[in-house]
Every structure is written in C-alpha cells, then in structure tokens.
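Read through the structure below, which is laid out as structure tokens, and then see the notes.
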Amino acid sequence: MQIHDLIGIGFGPSNISLAITLEEKKQEGYEIDAFFIEKQPNFAWHANMMLDNTHMQISFLKDLATLRNPSSHFTFINYLHQKQRLQDFINLKTFFPSRHEFNDYLAWAASHFDDRCAYGEEVLEVLPEKRNDEVTLLRVRSRDSQGAIRERFARNLIVSVGGVPRIPECFHHLRNDGRIFHSNSYLREIARHGNAEKIAVVGAGQSAAEIFMDLHNRPDAPHVDLIMRARAIKPSDDSPFVNEIFNADFTDFIFSRSEPDRTALLEEVWHTNYAAPDLVLIEQIFNAFYQQRVTGDLRHRFLRRHEVGSVRTLPEGRIELLLRDLNTDREYNALYDVVVLATGYRRDYHKSLLRPLSPYMGSFTVDRHYRLKSTPNFHPAIFLQGACEETHGLSDTLLSVIAVRTDEIGHALFDTIEQKDVSQAGSQIRAVANQ
Ligand SMILES: Cc1cc2nc3c(=O)[nH]c(=O)nc-3n(C[C@H](O)[C@H](O)[C@H](O)COP(=O)(O)OP(=O)(O)OC[C@H]3O[C@@H](n4cnc5c(N)ncnc54)[C@H](O)[C@@H]3O)c2cc1C
C-alpha cells in the first residue's frame, strides 16, 4: 500500500502554488511525496467565466511564486519569457493581463506537475484510519471519470477546493432546472439557451457585471434585467492604502485580533472584494443603458433596489420571479426564459468532504498556519486554503497571498513531519529500551 506524505484535494492556483513551493524546497533538502487530485479533466481556471475582454483584478506580480521567490522558474514574468512575449507584454503597459492569458500561465505552471496530479477524479470523502484509538492516516476516496471508486492513503492533507455556488434560498427548489443556473456554469449553460429572449441576471458583483456586458454584446440581442438590492453599482476600491489589506503581513494583523475586532474589520473592508466590479466595467454598463435611451430601444432594465421574493416555473415554460421594489415596497411578477445567479460562493465545502473526521475536528477552526485544530489522538495535519477568510482576512480567497501562504504551509508541514519523525524515533528507542 502506497502512502503519500501529502495529498492535495483540488489543483487550482492554491495547490499549484504549493506544488511549486514543495518543488523548490527540495533545493533546501526538504523532500516529500505530494500527490494532487483534481476533478476537472485537465487544468482550467474558472472556465465557464472565461469571457472575452475580461482582465485580472490583481497585479500579475501576485502570481504563483513571485512574492515568495522572485527568482522562481514559475513567475509570470518567466512564463512570458518562455513564451517569447515578454517584450510585447511590457509594451502593453499593464499590471492586469487578460484572464485568458493568466489561465494560460496557470496551465503552463500546472503542466510541470502532470506526473503528480490525477485529473478527472472527484474526491468524495476523507476517512480516518485508526490504530487503536489513534488516527494515524487518512483514506482519501475519489471517483474517476469512468465512475470507478479509488482510494489513496495520506499522512497529511491539504484541501484547496475553492468555493461552491451560493444559491439564494428562494431558488433552492429549482436548483436542478437547467434554465436557472449560477455564474459558475455560465458559458456552458448559456450556450444551451441561445434562443432565450429575456434573461434575468441576479447580483451586483464583478461576475454579474461581466455577464450583463457579455449578454449585451451578443448578436442574438437578448433583453436583460440586471437585478440587485444595491442602490448603485459601486466600484472596487483598489487605491494603495486600502490595497494594503491584501498584503501578506496583514494576515498576521487580522489573525491576531479578537473575534469581534476581526468581524468588524471584515465588515469595514468587505466592499473591496464583494459586490464591487471594476470601474471600467461599470462605465460600460452605464453607457449601455444611456445609449438605449438615445435610440429608444429599451432592451435592458436596471432593477436596482430590487429583491427576488419567490420563483416558480409556468406551464408554458417560462420562469416567473416575484420582484419586490425595495424603494416602494411594491411587488410584481416578471417572466424570463433564463435566470443567471451571479450570487457568489460559499467556502464551507471542506466540511462535507471531511465529515467522517468531524469527531476529531471540533468546530473546524484553523491555526495561523492554516492547519485545522484537532483532538490529541488525531495525528495527520490537515491544511485549508481558501476557506479561512474569517480568521485570515479577505485575501484568503484570492490570489493575493497564495505564494506566501504556501511557504507558511510548507514550513508547518515540514515541522510536523520532523516532529513525527522525532516522536517515532523516540517510540522506537522506548520500544528497544522496553525489550
Ligand atoms: C470568474 C472569477 C474570476 C476571478 N478573478 C480573480 C482575480 O482576478 N484575482 C484574484 O485574486 N482572484 C480572482 N478570483 C478568485 C479565485 O478564487 C482565485 O483566483 C483562485 O481561483 C483561487 O484558487 P484556488 O485554487 O484556491 O481555488 P479554485 O481556483 O476554485 O480551484 C479549486 C480546484 O479544486 C477542484 N475541486 C473542487 N472540488 C474538488 C473535489 N471534490 N475533488 C477534486 N477536485 C476538486 C476544482 O475543480 C478546482 O480546480 C476569481 C474568481 C472567479 C470565480
């Protein structure tokens, strides 16, 4: 039976960055056997939101490696150099590459680890392997693309599975209706509804804004209602002093605060990341609404200060939303062919994957190094990436601190392995002494 030192669930930017860190640690004499499991058939970064003309919302210098090791092979600059585009990229005069290009960079980085990642396998659950009352190993159960169940064993685990679509409660009963879908599957699903004439986009963030513009620019010219509770679409504030909250050292600051302080701080800066599209995009949307007033072709509606009260499907095949105008308290029905929910993500998926371990995990809290706290008889170290916003700040779900975070996790992992080696050596010595 092969036992990996570390299994990583998911092979998105967080775990690719970790694979790079571990690779580079070999030069310092640290070597472990790490293996990753990714449910997509190959690397893809938010493929269903890979829209034309979309750009990174973060500097390319916050790539997979630069902030940890600017001389790494895996920096975005070296990727450009390898692809012979460095000079031309400089002439673009931007810190914000297109999402297409950043996806290509991430895929290039991921391709270096093809022998260490099983693609097309979805991890279903992680189970404890016990010796007497002690949990010494983890059994990672996954399903491959043929439906076959596989099991692997790990001494340690890192869960970097990203977010799961947040579906507002009033849509829950229709979550399997193909005409109502989350932005997470936008390109795939909208391709199936090419003849939709009337579309509702629910949400006020970057994805809602991008989807609105994508639909606006489509040749089949659907009518779009952009529905949000907010009074105005506000831009993300990326001015320098505000941006400091995404610095790696801010993580120490926020982690060291009391829980009420942290909550207050997160509320204060919430808008820098959520419900805050880029200003350029907001201007494009404003222009689209302005131009339709000029032409008199009122294709779209901006339903600000609106809330969806309830949803039902009608026998003739359309979707009826009960809309509440929050300014007037007036309620009315509106009919759509398709509803897109650009309603964000939940970050609690790890809890269902790790459910069989919950007797050892308490309330699933992490320490400063992203390691889940566990009972003394639970020995594997389990780290989380992208699920620690409450304790580690807003940068946790973004690319901002990825390179530095994987360095911190790498150190914690090697410390754990060394401690286990020492205690195992100790128990061997004790065993010999007892003979
Ligand atoms: C459209 C969009 C644009 C964004 N743009 C930016 C940006 O410009 N800048 C920024 O900083 N952040 C951006 N983000 C935030 C985003 O979270 C990060 O960019 C980044 O993707 C986080 O990497 P991750 O590896 O933690 O998560 P993800 O990229 O979500 O990767 C998680 C991986 O785990 C896999 N997985 C999930 N469950 C399982 C399972 N059970 N078994 C096996 N594999 C599994 C998934 O298939 C996925 O590949 C964007 C997010 C979206 C949705």
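Numbering starts fresh at 1 for the residues of each chain in the structure tokens, the chains themselves are lettered A, B, ... in the order given, and ligands are numbered from 1 as they appear.
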
Kindly assemble as a tab-separated table a list of the chain A residues that lie within 6 Å of ligand 1, each paired with its nearest atom pair and their distance in Å to one decimal, using only C-alpha atoms and all ligand atoms, sorted first by chain and then by ascending residue number.
```
residue	atom	partner	partner_atom_place_in_ligand_line	distance
A:Ile9	CA	ligand 1	43 (C)	5.2
A:Gly10	CA	ligand 1	34 (O)	3.3
A:Phe11	CA	ligand 1	33 (C)	5.0
A:Gly12	CA	ligand 1	25 (O)	3.4
A:Pro13	CA	ligand 1	25 (O)	4.0
A:Ser14	CA	ligand 1	25 (O)	3.8
A:Asn15	CA	ligand 1	25 (O)	5.8
A:Ile37	CA	ligand 1	43 (C)	5.3
A:Glu38	CA	ligand 1	44 (N)	3.7
A:Lys39	CA	ligand 1	44 (N)	4.0
A:Gln40	CA	ligand 1	47 (O)	5.1
A:Trp45	CA	ligand 1	29 (O)	5.8
A:His46	CA	ligand 1	1 (C)	5.5
A:Met49	CA	ligand 1	1 (C)	5.0
A:Met56	CA	ligand 1	8 (O)	3.7
A:Gln57	CA	ligand 1	8 (O)	3.7
A:Ile58	CA	ligand 1	9 (N)	4.8
A:Glu121	CA	ligand 1	43 (C)	5.9
A:Glu122	CA	ligand 1	42 (N)	3.7
A:Val123	CA	ligand 1	42 (N)	3.8
A:Leu124	CA	ligand 1	41 (N)	5.7
A:Ser160	CA	ligand 1	26 (O)	5.2
A:Val161	CA	ligand 1	34 (O)	3.7
A:Gly162	CA	ligand 1	30 (O)	3.4
A:Gly163	CA	ligand 1	30 (O)	5.8
A:Gln385	CA	ligand 1	26 (O)	5.9
A:Gly386	CA	ligand 1	26 (O)	4.9
A:Thr397	CA	ligand 1	17 (O)	5.0
A:Leu398	CA	ligand 1	11 (O)	3.7
A:Leu399	CA	ligand 1	11 (O)	3.7
A:Ser400	CA	ligand 1	11 (O)	5.4
```

TODO: Going by DSSP on the backbone, which bits of region 29-262 of chain A are helix (DSSP H, G or I)? Write them as an NGL selection string, please.
DONE: :A and (47-49 or 76-82 or 86-92 or 99-111 or 114-116 or 169-174 or 183-191 or 206-216 or 240-246 or 248-256 or 259-262)

- [ ] Tell me which protein, DNA and RNA residues are within 12 Å of Leu265 (chain A), counting only C-alpha atoms, leaving out same-chain ones fewer than 3 positions away, and put them as a VMD selection string.
- [x] chain A and resid 245 250 253 to 255 257 to 262 268 to 272 389 to 394

Output N, CA, C and O atoms for every residue in the selection just made, as a PDB file, in the first residue's frame.
```pdb
ATOM      1  N   ILE A 245      -4.639  45.984   2.724  1.00  0.00           N
ATOM      2  CA  ILE A 245      -5.275  44.862   3.434  1.00  0.00           C
ATOM      3  C   ILE A 245      -5.029  43.531   2.718  1.00  0.00           C
ATOM      4  O   ILE A 245      -5.257  42.471   3.272  1.00  0.00           O
ATOM      5  N   PHE A 250      -0.597  41.651   6.416  1.00  0.00           N
ATOM      6  CA  PHE A 250      -1.888  41.990   7.015  1.00  0.00           C
ATOM      7  C   PHE A 250      -2.540  40.731   7.614  1.00  0.00           C
ATOM      8  O   PHE A 250      -3.345  40.823   8.536  1.00  0.00           O
ATOM      9  N   PHE A 253      -1.761  40.568  11.166  1.00  0.00           N
ATOM     10  CA  PHE A 253      -2.520  41.570  11.907  1.00  0.00           C
ATOM     11  C   PHE A 253      -3.940  41.071  12.171  1.00  0.00           C
ATOM     12  O   PHE A 253      -4.399  41.044  13.306  1.00  0.00           O
ATOM     13  N   ILE A 254      -4.595  40.627  11.103  1.00  0.00           N
ATOM     14  CA  ILE A 254      -6.017  40.253  11.268  1.00  0.00           C
ATOM     15  C   ILE A 254      -6.147  38.996  12.127  1.00  0.00           C
ATOM     16  O   ILE A 254      -7.038  38.896  12.972  1.00  0.00           O
ATOM     17  N   PHE A 255      -5.215  38.043  11.961  1.00  0.00           N
ATOM     18  CA  PHE A 255      -5.305  36.811  12.739  1.00  0.00           C
ATOM     19  C   PHE A 255      -5.135  37.098  14.240  1.00  0.00           C
ATOM     20  O   PHE A 255      -5.748  36.424  15.080  1.00  0.00           O
ATOM     21  N   ARG A 257      -6.152  39.619  15.950  1.00  0.00           N
ATOM     22  CA  ARG A 257      -7.250  40.370  16.580  1.00  0.00           C
ATOM     23  C   ARG A 257      -8.229  39.443  17.300  1.00  0.00           C
ATOM     24  O   ARG A 257      -8.294  38.253  16.991  1.00  0.00           O
ATOM     25  N   SER A 258      -9.021  40.033  18.176  1.00  0.00           N
ATOM     26  CA  SER A 258     -10.086  39.250  18.811  1.00  0.00           C
ATOM     27  C   SER A 258     -11.172  38.994  17.755  1.00  0.00           C
ATOM     28  O   SER A 258     -11.232  39.699  16.742  1.00  0.00           O
ATOM     29  N   GLU A 259     -12.026  38.027  18.027  1.00  0.00           N
ATOM     30  CA  GLU A 259     -13.062  37.692  17.041  1.00  0.00           C
ATOM     31  C   GLU A 259     -13.972  38.881  16.703  1.00  0.00           C
ATOM     32  O   GLU A 259     -14.195  39.169  15.518  1.00  0.00           O
ATOM     33  N   PRO A 260     -14.454  39.633  17.728  1.00  0.00           N
ATOM     34  CA  PRO A 260     -15.303  40.784  17.368  1.00  0.00           C
ATOM     35  C   PRO A 260     -14.550  41.821  16.538  1.00  0.00           C
ATOM     36  O   PRO A 260     -15.101  42.398  15.603  1.00  0.00           O
ATOM     37  N   ASP A 261     -13.270  42.047  16.844  1.00  0.00           N
ATOM     38  CA  ASP A 261     -12.465  43.008  16.065  1.00  0.00           C
ATOM     39  C   ASP A 261     -12.348  42.569  14.621  1.00  0.00           C
ATOM     40  O   ASP A 261     -12.458  43.352  13.688  1.00  0.00           O
ATOM     41  N   ARG A 262     -12.096  41.267  14.459  1.00  0.00           N
ATOM     42  CA  ARG A 262     -11.944  40.710  13.101  1.00  0.00           C
ATOM     43  C   ARG A 262     -13.223  40.892  12.302  1.00  0.00           C
ATOM     44  O   ARG A 262     -13.199  41.301  11.150  1.00  0.00           O
ATOM     45  N   GLU A 268     -15.851  46.227   7.553  1.00  0.00           N
ATOM     46  CA  GLU A 268     -15.386  47.540   7.071  1.00  0.00           C
ATOM     47  C   GLU A 268     -14.818  47.435   5.652  1.00  0.00           C
ATOM     48  O   GLU A 268     -15.020  48.315   4.833  1.00  0.00           O
ATOM     49  N   VAL A 269     -14.101  46.347   5.362  1.00  0.00           N
ATOM     50  CA  VAL A 269     -13.406  46.263   4.060  1.00  0.00           C
ATOM     51  C   VAL A 269     -14.115  45.325   3.072  1.00  0.00           C
ATOM     52  O   VAL A 269     -13.618  45.114   1.972  1.00  0.00           O
ATOM     53  N   TRP A 270     -15.269  44.803   3.467  1.00  0.00           N
ATOM     54  CA  TRP A 270     -15.986  43.808   2.660  1.00  0.00           C
ATOM     55  C   TRP A 270     -16.119  44.252   1.204  1.00  0.00           C
ATOM     56  O   TRP A 270     -15.896  43.494   0.264  1.00  0.00           O
ATOM     57  N   HIS A 271     -16.404  45.526   1.013  1.00  0.00           N
ATOM     58  CA  HIS A 271     -16.693  46.036  -0.322  1.00  0.00           C
ATOM     59  C   HIS A 271     -15.478  46.056  -1.244  1.00  0.00           C
ATOM     60  O   HIS A 271     -15.626  46.233  -2.457  1.00  0.00           O
ATOM     61  N   THR A 272     -14.281  45.892  -0.709  1.00  0.00           N
ATOM     62  CA  THR A 272     -13.115  45.905  -1.598  1.00  0.00           C
ATOM     63  C   THR A 272     -13.092  44.655  -2.469  1.00  0.00           C
ATOM     64  O   THR A 272     -12.438  44.618  -3.492  1.00  0.00           O
ATOM     65  N   GLU A 389     -11.222  32.865   5.368  1.00  0.00           N
ATOM     66  CA  GLU A 389     -11.407  34.322   5.303  1.00  0.00           C
ATOM     67  C   GLU A 389     -11.713  34.912   6.683  1.00  0.00           C
ATOM     68  O   GLU A 389     -11.200  35.969   7.042  1.00  0.00           O
ATOM     69  N   GLU A 390     -12.529  34.200   7.472  1.00  0.00           N
ATOM     70  CA  GLU A 390     -12.944  34.746   8.775  1.00  0.00           C
ATOM     71  C   GLU A 390     -11.772  34.979   9.713  1.00  0.00           C
ATOM     72  O   GLU A 390     -11.786  35.885  10.526  1.00  0.00           O
ATOM     73  N   THR A 391     -10.751  34.143   9.601  1.00  0.00           N
ATOM     74  CA  THR A 391      -9.610  34.274  10.512  1.00  0.00           C
ATOM     75  C   THR A 391      -8.400  34.938   9.873  1.00  0.00           C
ATOM     76  O   THR A 391      -7.598  35.572  10.547  1.00  0.00           O
ATOM     77  N   HIS A 392      -8.255  34.780   8.537  1.00  0.00           N
ATOM     78  CA  HIS A 392      -7.039  35.249   7.870  1.00  0.00           C
ATOM     79  C   HIS A 392      -7.272  36.426   6.925  1.00  0.00           C
ATOM     80  O   HIS A 392      -6.338  36.910   6.306  1.00  0.00           O
ATOM     81  N   GLY A 393      -8.529  36.846   6.785  1.00  0.00           N
ATOM     82  CA  GLY A 393      -8.782  38.067   6.021  1.00  0.00           C
ATOM     83  C   GLY A 393      -9.213  37.832   4.584  1.00  0.00           C
ATOM     84  O   GLY A 393      -9.191  36.715   4.067  1.00  0.00           O
ATOM     85  N   LEU A 394      -9.571  38.957   3.947  1.00  0.00           N
ATOM     86  CA  LEU A 394     -10.174  38.898   2.610  1.00  0.00           C
ATOM     87  C   LEU A 394      -9.271  38.317   1.535  1.00  0.00           C
ATOM     88  O   LEU A 394      -9.746  37.807   0.523  1.00  0.00           O
TER      89      LEU A 394
END
```

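Remark: for Leu174 (chain A), the closest of the candidate residues A:Glu418, A:Glu283, A:Asp33, A:Glu320 is A:Glu320 (distances computed over only C-alpha atoms).
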
Task: Å distance separating CA of Ile282 (chain A) from CA of Asn327 (chain A), one decimal place - done: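 Between CA of Ile282 (chain A) and CA of Asn327 (chain A) the gap works out to 22.1 Å.
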
Task: Nearest residue to Phe96 (chain A) from the set A:Tyr345, A:Phe181, A:Phe76, A:Phe302 (distances using only C-alpha atoms) - done: A:Phe76

Task: For Phe246 (chain A): contacts at 6 Å, only C-alpha atoms, fewer than 2 positions along chain excluded, given as a VMD selection string - done: chain A and resid 243 to 244 395

Sorted by chain and rising residue number, which residues of region 178-248 of chain A lie within 12 Å of region 290-298 of chain A, and what are their closest atom pairs and distances in Å to one decimal, counting only C-alpha atoms, as JSON lines?
```
{"residue": "A:His216", "atom": "CA", "partner": "A:Gln292", "partner_atom": "CA", "distance": 11.1}
{"residue": "A:Ala221", "atom": "CA", "partner": "A:Asp297", "partner_atom": "CA", "distance": 11.4}
{"residue": "A:Pro222", "atom": "CA", "partner": "A:Leu298", "partner_atom": "CA", "distance": 11.4}
{"residue": "A:His223", "atom": "CA", "partner": "A:Leu298", "partner_atom": "CA", "distance": 8.6}
{"residue": "A:Val224", "atom": "CA", "partner": "A:Leu298", "partner_atom": "CA", "distance": 10.0}
{"residue": "A:Asp225", "atom": "CA", "partner": "A:Leu298", "partner_atom": "CA", "distance": 10.9}
```

Taking only residues of region 250-349 of chain A that have an atom at most 10 Å from an atom of region 186-191 of chain A, what is each one's shortest atom pair and its distance in Å to one decimal, using only C-alpha atoms, in chain and number order, as a tab-separated table?
```
residue	atom	partner	partner_atom	distance
A:Val338	CA	A:Ile190	CA	8.5
A:Val339	CA	A:Ile190	CA	10.0
A:Val340	CA	A:Tyr186	CA	7.5
A:Leu341	CA	A:Tyr186	CA	9.1
A:Ala342	CA	A:Tyr186	CA	9.2
```

For the residues in the current selection, export C-alpha atoms as a PDB file, in the first residue's frame.
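Dumped to out-v7.pdb:
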```
ATOM      1  CA  VAL A 338     -33.325  32.121 -18.255  1.00  0.00           C
ATOM      2  CA  VAL A 339     -32.119  33.305 -14.835  1.00  0.00           C
ATOM      3  CA  VAL A 340     -28.392  33.679 -14.098  1.00  0.00           C
ATOM      4  CA  LEU A 341     -27.427  33.761 -10.433  1.00  0.00           C
ATOM      5  CA  ALA A 342     -24.242  35.760 -10.013  1.00  0.00           C
TER       6      ALA A 342
END
```

- [ ] Within 12 Å of Met213 (chain A), counting only C-alpha atoms, which residues show up once you throw out same-chain ones fewer than 5 positions away? Write them as a ChimeraX atom specification, please.
- [x] /A:51-54,201,206-208,218,221-226,280-289,300

Task: Residue among A:Tyr79, A:Phe35, A:Phe60, A:Phe171 lying closest to His4 (chain A), counting only C-alpha atoms - done: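 Answer, going by the shortest atom-to-atom distance: A:Phe35.
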
- [ ] Can you work out which one of A:Ile382, A:Val159, A:Leu335, A:Met1 has the shortest atom-to-atom distance to Arg318 (chain A), counting only C-alpha atoms?
- [x]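 Going through A:Ile382, A:Val159, A:Leu335, A:Met1 one by one, the smallest distance to Arg318 (chain A) is for A:Leu335.
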
- [ ] Return as a ChimeraX atom specification the full set of residues in region 174-257 of chain A whose backbone-based DSSP assignment is strand (DSSP E or B).
- [x] /A:180-182,198-202,223-227

Open item on the list: Restricting the calculation to only C-alpha atoms: of A:Gln419, A:Ala200, A:Ala403, A:Leu279, which residue gets closest to Leu321 (chain A)?
Closed with: A:Ala200

- [ ] Return the single residue from A:Asp396, A:Glu151, A:Asp144, A:Glu101 that is closest to Glu125 (chain A), with distances computed using only C-alpha atoms.
- [x] A:Glu151

Need to verify the contact set: Pro41 (chain A), 9 Å, only C-alpha atoms, exclusion of same-chain residues closer than 4 positions in sequence. Can you return it as an mmCIF file with N, CA and C atoms, in the first residue's frame?
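The result, stored in out-v4.cif:
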```cif
data_model
loop_
_atom_site.group_PDB
_atom_site.id
_atom_site.type_symbol
_atom_site.label_atom_id
_atom_site.label_comp_id
_atom_site.auth_asym_id
_atom_site.auth_seq_id
_atom_site.Cartn_x
_atom_site.Cartn_y
_atom_site.Cartn_z
ATOM 1 N N ALA A 118 -3.718 13.573 -10.406
ATOM 2 C CA ALA A 118 -4.719 12.740 -11.101
ATOM 3 C C ALA A 118 -5.867 13.663 -11.491
ATOM 4 N N TYR A 119 -5.996 13.931 -12.780
ATOM 5 C CA TYR A 119 -7.108 14.760 -13.263
ATOM 6 C C TYR A 119 -8.337 13.877 -13.488
ATOM 7 N N GLY A 120 -9.503 14.514 -13.499
ATOM 8 C CA GLY A 120 -10.741 13.783 -13.789
ATOM 9 C C GLY A 120 -11.201 12.899 -12.639
ATOM 10 N N GLU A 121 -10.728 13.207 -11.430
ATOM 11 C CA GLU A 121 -11.157 12.424 -10.249
ATOM 12 C C GLU A 121 -11.701 13.369 -9.200
ATOM 13 N N SER A 145 -13.422 9.409 -13.831
ATOM 14 C CA SER A 145 -14.383 9.798 -14.870
ATOM 15 C C SER A 145 -15.198 8.611 -15.375
#
```

Open item on the list: Report as number ranges by chain all protein, DNA and RNA residues lying within 9 Å of Arg305 (chain A), evaluated on only C-alpha atoms, omitting residues in the same chain fewer than 5 positions from it.
Closed with: A: 227-232, 324-327

If you keep N, CA, C and O atoms, can you produce a file of those selected residues as a compact mmCIF listing (two decimals), in the first residue's frame?
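Below you can see part.txt, which holds the result:
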```txt
# COMPACT_ATOMS: atom_id res chain seq x y z
N ILE A 227 -30.69 42.63 -11.80
CA ILE A 227 -31.47 42.77 -10.56
C ILE A 227 -30.53 42.77 -9.36
O ILE A 227 -29.74 41.84 -9.18
N MET A 228 -30.61 43.80 -8.55
CA MET A 228 -29.76 43.83 -7.34
C MET A 228 -30.44 44.63 -6.22
O MET A 228 -31.25 45.52 -6.49
N ARG A 229 -30.05 44.31 -4.99
CA ARG A 229 -30.59 45.05 -3.85
C ARG A 229 -29.97 46.44 -3.73
O ARG A 229 -30.58 47.37 -3.25
N ALA A 230 -28.74 46.55 -4.20
CA ALA A 230 -28.00 47.80 -4.02
C ALA A 230 -28.65 48.95 -4.79
O ALA A 230 -29.37 48.73 -5.77
N ARG A 231 -28.38 50.16 -4.32
CA ARG A 231 -28.91 51.35 -5.00
C ARG A 231 -28.05 51.68 -6.22
O ARG A 231 -28.53 52.14 -7.24
N ALA A 232 -26.75 51.44 -6.10
CA ALA A 232 -25.84 51.74 -7.21
C ALA A 232 -24.80 50.64 -7.30
O ALA A 232 -24.52 49.97 -6.31
N ARG A 324 -39.64 42.43 -5.64
CA ARG A 324 -40.08 43.46 -4.70
C ARG A 324 -39.20 44.69 -4.89
O ARG A 324 -37.98 44.59 -4.81
N ASP A 325 -39.87 45.82 -5.17
CA ASP A 325 -39.14 47.07 -5.29
C ASP A 325 -38.93 47.60 -3.86
O ASP A 325 -39.90 47.96 -3.19
N LEU A 326 -37.70 47.62 -3.40
CA LEU A 326 -37.44 47.97 -2.00
C LEU A 326 -37.66 49.46 -1.73
O LEU A 326 -37.81 49.86 -0.58
N ASN A 327 -37.69 50.26 -2.76
CA ASN A 327 -37.96 51.70 -2.56
C ASN A 327 -39.42 51.95 -2.26
O ASN A 327 -39.76 52.80 -1.44
```
